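Below is one structure, written out as structure tokens, with a few remarks after it.
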Amino acid sequence: SVDMIDDVQFNNAGRNNEKYAGYTYDNSAPNVQDGTNSTIKTYLENWYEENMGEYDNLVATTRYCNDTSITNAEGTNIHYGAVGRLMTNKTPQFICPNTTKTYGGEYSLKIGLLSADGASFAGVRYRMDNPYIYLYKGDSCWFGTPYDFSNNHNTIFTVDSSSYFMFSTYSIRLSVAPVINLKADVLYCNGTGEKTNPYILYID
């Protein structure tokens, strides 16, 4: 994870449609990511080109999850898969479930968002402060995981300024913490990986 970027919407495409919880939406079929980019996906990919483009050969293509599987649905209201795992059963997982929707799913990308499941493994909990986790930066930020579609509004998992799970309407502006993964053969020449002494990479 790299430092947070301020003031980004998850999506500004419109309201009153569940599909805007998707990292892409209007895909040609479930579990296919060939549709329209969300605002945050376009933003992160532009940020990557501007700030990481010259280091692209060091960055691995990685799987990212925008879990739009369903925990339950009542009428037009939907609770997505992570709600059952993280709020009810407390069983986060690294496997991205298949979706029946033509939005969201698993993505193979150079840059993305941490999933709520990944944040749970890192120590984020619902209404339980944990200021020792690396995500604690005194600011709210987006995860890549939808929470629900209710009353014609999408909400997305976020981490709040006290470091626990919250949920925010997709059209508001929050910080975003881009996630990249380095290739396995990238070497470092100095540092311990701590915030005050970060790894210094060997770049040939």
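Here's how to read the names in the structure tokens: chain A, B, ... by the order shown, residue numbers from 1 in each chain, ligand numbers from 1 in the order shown.
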
Which residues are close to Met166 (chain A), i.e. within 8 Å by only C-alpha atoms, leaving aside same-chain residues fewer than 6 positions away? Reply as a short mmCIF file (atom, residue, chain, number, x, y, z; two decimals) with N, CA, C and O atoms, in the first residue's frame.
data_model
loop_
_atom_site.label_atom_id
_atom_site.label_comp_id
_atom_site.auth_asym_id
_atom_site.auth_seq_id
_atom_site.Cartn_x
_atom_site.Cartn_y
_atom_site.Cartn_z
N TYR A 126 -15.34 -3.90 13.00
CA TYR A 126 -16.49 -3.01 13.05
C TYR A 126 -16.60 -2.38 14.44
O TYR A 126 -16.71 -3.08 15.44
N ARG A 127 -16.55 -1.05 14.48
CA ARG A 127 -16.68 -0.28 15.72
C ARG A 127 -15.70 -0.75 16.81
O ARG A 127 -16.03 -0.86 17.98
N PHE A 157 -17.77 -0.31 1.76
CA PHE A 157 -16.95 -0.42 2.96
C PHE A 157 -15.87 0.66 2.95
O PHE A 157 -15.21 0.89 1.93
N THR A 158 -15.67 1.27 4.11
CA THR A 158 -14.59 2.22 4.29
C THR A 158 -13.93 1.96 5.64
O THR A 158 -14.46 1.23 6.47
N VAL A 159 -12.77 2.54 5.85
CA VAL A 159 -12.19 2.59 7.18
C VAL A 159 -12.31 4.04 7.63
O VAL A 159 -12.07 4.97 6.84
N ASP A 160 -12.77 4.24 8.86
CA ASP A 160 -12.97 5.62 9.29
C ASP A 160 -11.73 6.14 10.00
O ASP A 160 -10.72 5.45 10.13
#

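For Asn16 (chain A), the residues within 7 Å (counting only C-alpha atoms, excluding itself and residues fewer than 2 positions away along the chain) are Glu18, Asn152 and His153 of chain A.
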
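Using only C-alpha atoms, the contacts of region 84-91 of chain A at a cut-off of 10 Å, with sequence neighbours closer than 2 positions omitted, comprise Ile70, Thr71, Asn72, His79, Tyr80, Gly81, Ala82, Gln93, Ala116, Asp117, Ser120, Phe121, Arg125, Tyr126, Tyr147 and Phe165 of chain A.
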
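Reported to one decimal place, the separation of CA of Tyr23 (chain A) from CA of Asn98 (chain A) is 14.4 Å.
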
Distance in Å - CA of Ala29 (chain A) versus CA of Ile78 (chain A): 19.5 Å

Non-local contacts of Tyr43 (chain A) (10 Å; only C-alpha atoms; under 4 positions in same chain excluded) as number ranges by chain: A: 8-10, 37-39, 47-48

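Backbone DSSP over region 38-99 of chain A gives strand (DSSP E or B) for Val59, Thr62, Arg63, Tyr64, Cys65, Asn66, Ile70, Thr71, Asn72, Ala73, Glu74, Asn77, Ile78, His79 and Tyr80 of chain A.
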
Expected file: the selected residues, N, CA and C atoms, as an mmCIF file, in the first residue's frame:
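again.cif, freshly written:
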data_model
loop_
_atom_site.group_PDB
_atom_site.id
_atom_site.type_symbol
_atom_site.label_atom_id
_atom_site.label_comp_id
_atom_site.auth_asym_id
_atom_site.auth_seq_id
_atom_site.Cartn_x
_atom_site.Cartn_y
_atom_site.Cartn_z
ATOM 1 N N VAL A 59 6.348 -3.714 -11.084
ATOM 2 C CA VAL A 59 5.046 -3.937 -10.461
ATOM 3 C C VAL A 59 4.383 -5.172 -11.058
ATOM 4 N N THR A 62 -1.788 -8.185 -10.354
ATOM 5 C CA THR A 62 -2.307 -8.813 -9.136
ATOM 6 C C THR A 62 -3.820 -8.913 -9.206
ATOM 7 N N ARG A 63 -4.373 -9.893 -8.499
ATOM 8 C CA ARG A 63 -5.830 -10.041 -8.424
ATOM 9 C C ARG A 63 -6.397 -9.099 -7.362
ATOM 10 N N TYR A 64 -7.402 -8.346 -7.737
ATOM 11 C CA TYR A 64 -8.130 -7.471 -6.817
ATOM 12 C C TYR A 64 -9.607 -7.849 -6.850
ATOM 13 N N CYS A 65 -10.266 -7.706 -5.705
ATOM 14 C CA CYS A 65 -11.647 -8.179 -5.581
ATOM 15 C C CYS A 65 -12.614 -7.038 -5.300
ATOM 16 N N ASN A 66 -13.653 -6.954 -6.118
ATOM 17 C CA ASN A 66 -14.801 -6.060 -5.908
ATOM 18 C C ASN A 66 -16.011 -7.009 -5.781
ATOM 19 N N ILE A 70 -23.901 -11.954 -3.430
ATOM 20 C CA ILE A 70 -25.015 -11.509 -2.593
ATOM 21 C C ILE A 70 -25.092 -12.333 -1.311
ATOM 22 N N THR A 71 -25.168 -11.647 -0.163
ATOM 23 C CA THR A 71 -25.490 -12.318 1.100
ATOM 24 C C THR A 71 -26.984 -12.520 1.222
ATOM 25 N N ASN A 72 -27.765 -11.478 1.008
ATOM 26 C CA ASN A 72 -29.226 -11.607 0.959
ATOM 27 C C ASN A 72 -29.806 -10.431 0.202
ATOM 28 N N ALA A 73 -31.020 -10.619 -0.278
ATOM 29 C CA ALA A 73 -31.718 -9.578 -1.022
ATOM 30 C C ALA A 73 -33.191 -9.607 -0.643
ATOM 31 N N GLU A 74 -33.732 -8.440 -0.404
ATOM 32 C CA GLU A 74 -35.147 -8.287 -0.101
ATOM 33 C C GLU A 74 -35.708 -7.201 -1.002
ATOM 34 N N ASN A 77 -33.522 -4.242 -2.260
ATOM 35 C CA ASN A 77 -32.419 -4.042 -1.320
ATOM 36 C C ASN A 77 -31.484 -5.241 -1.334
ATOM 37 N N ILE A 78 -30.186 -4.971 -1.331
ATOM 38 C CA ILE A 78 -29.165 -6.009 -1.449
ATOM 39 C C ILE A 78 -28.132 -5.826 -0.352
ATOM 40 N N HIS A 79 -27.749 -6.931 0.283
ATOM 41 C CA HIS A 79 -26.531 -6.950 1.094
ATOM 42 C C HIS A 79 -25.519 -7.829 0.357
ATOM 43 N N TYR A 80 -24.331 -7.279 0.137
ATOM 44 C CA TYR A 80 -23.316 -8.008 -0.624
ATOM 45 C C TYR A 80 -22.580 -9.022 0.251
#

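Residues of chain A carrying a DSSP assignment of alpha helix (DSSP H), computed from the backbone, are Thr39, Ile40, Lys41, Thr42, Tyr43, Leu44, Glu45, Asn46, Trp47, Tyr48, Glu49, Glu50, Asn51, Gly81, Ala82, Ala116, Asp117, Gly118, Ala119, Ser120 and Phe121 of chain A.
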
Suppose we keep C-alpha atoms; can you now write the selection as a PDB file, in the first residue's frame?
ATOM      1  CA  THR A  39     -14.607   6.886 -11.214  1.00  0.00           C
ATOM      2  CA  ILE A  40     -12.118   5.472  -8.722  1.00  0.00           C
ATOM      3  CA  LYS A  41     -10.717   2.904 -11.171  1.00  0.00           C
ATOM      4  CA  THR A  42     -10.079   5.586 -13.790  1.00  0.00           C
ATOM      5  CA  TYR A  43      -8.560   7.858 -11.149  1.00  0.00           C
ATOM      6  CA  LEU A  44      -6.176   5.192  -9.835  1.00  0.00           C
ATOM      7  CA  GLU A  45      -5.054   4.093 -13.281  1.00  0.00           C
ATOM      8  CA  ASN A  46      -4.328   7.694 -14.282  1.00  0.00           C
ATOM      9  CA  TRP A  47      -2.460   8.181 -10.989  1.00  0.00           C
ATOM     10  CA  TYR A  48      -0.444   5.033 -11.709  1.00  0.00           C
ATOM     11  CA  GLU A  49       0.558   6.236 -15.172  1.00  0.00           C
ATOM     12  CA  GLU A  50       1.627   9.622 -13.834  1.00  0.00           C
ATOM     13  CA  ASN A  51       3.456   8.422 -10.723  1.00  0.00           C
ATOM     14  CA  GLY A  81     -21.218 -11.045   0.231  1.00  0.00           C
ATOM     15  CA  ALA A  82     -18.731  -9.362   2.556  1.00  0.00           C
ATOM     16  CA  ALA A 116     -12.617  -5.250   3.092  1.00  0.00           C
ATOM     17  CA  ASP A 117     -11.573  -8.874   3.662  1.00  0.00           C
ATOM     18  CA  GLY A 118      -7.934  -7.916   3.252  1.00  0.00           C
ATOM     19  CA  ALA A 119      -8.434  -5.040   5.682  1.00  0.00           C
ATOM     20  CA  SER A 120     -10.015  -7.432   8.174  1.00  0.00           C
ATOM     21  CA  PHE A 121      -6.928  -9.656   8.022  1.00  0.00           C
TER      22      PHE A 121
END

Surrounding residues of Lys101 (chain A) excluding itself and chain neighbours under 3 positions, 12 Å, only C-alpha atoms, as a list in words: Glu18, Lys19, Tyr20, Ala21, Gly22, Thr24, Tyr25, Asp26, Asn27, Ser28, Ala29, Pro30, Asn31, Val32, Gln33, Asn66, Asp67, Thr68, Ser69, Ile70, Ile78, Tyr80, Pro97, Asn98, Gly104, Gly105 and Glu106 of chain A

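The smallest atom-to-atom distance between Ser108 (chain A) and any of A:Asp34, A:Asp7, A:Glu194, A:Asp185, using only C-alpha atoms, is found for A:Asp34.
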
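Computed from the coordinates, the CA of Phe94 (chain A) to CA of Ser115 (chain A) distance equals 9.0 Å.
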
Shell of 9 Å around Ser171 (chain A), only C-alpha atoms, local chain residues under 6 positions omitted, as a list of chain:residue names: A:Val8, A:Gln9, A:Phe10, A:Asn11, A:Asn12, A:Ala13, A:Gly14, A:Arg15, A:Asn154, A:Thr155
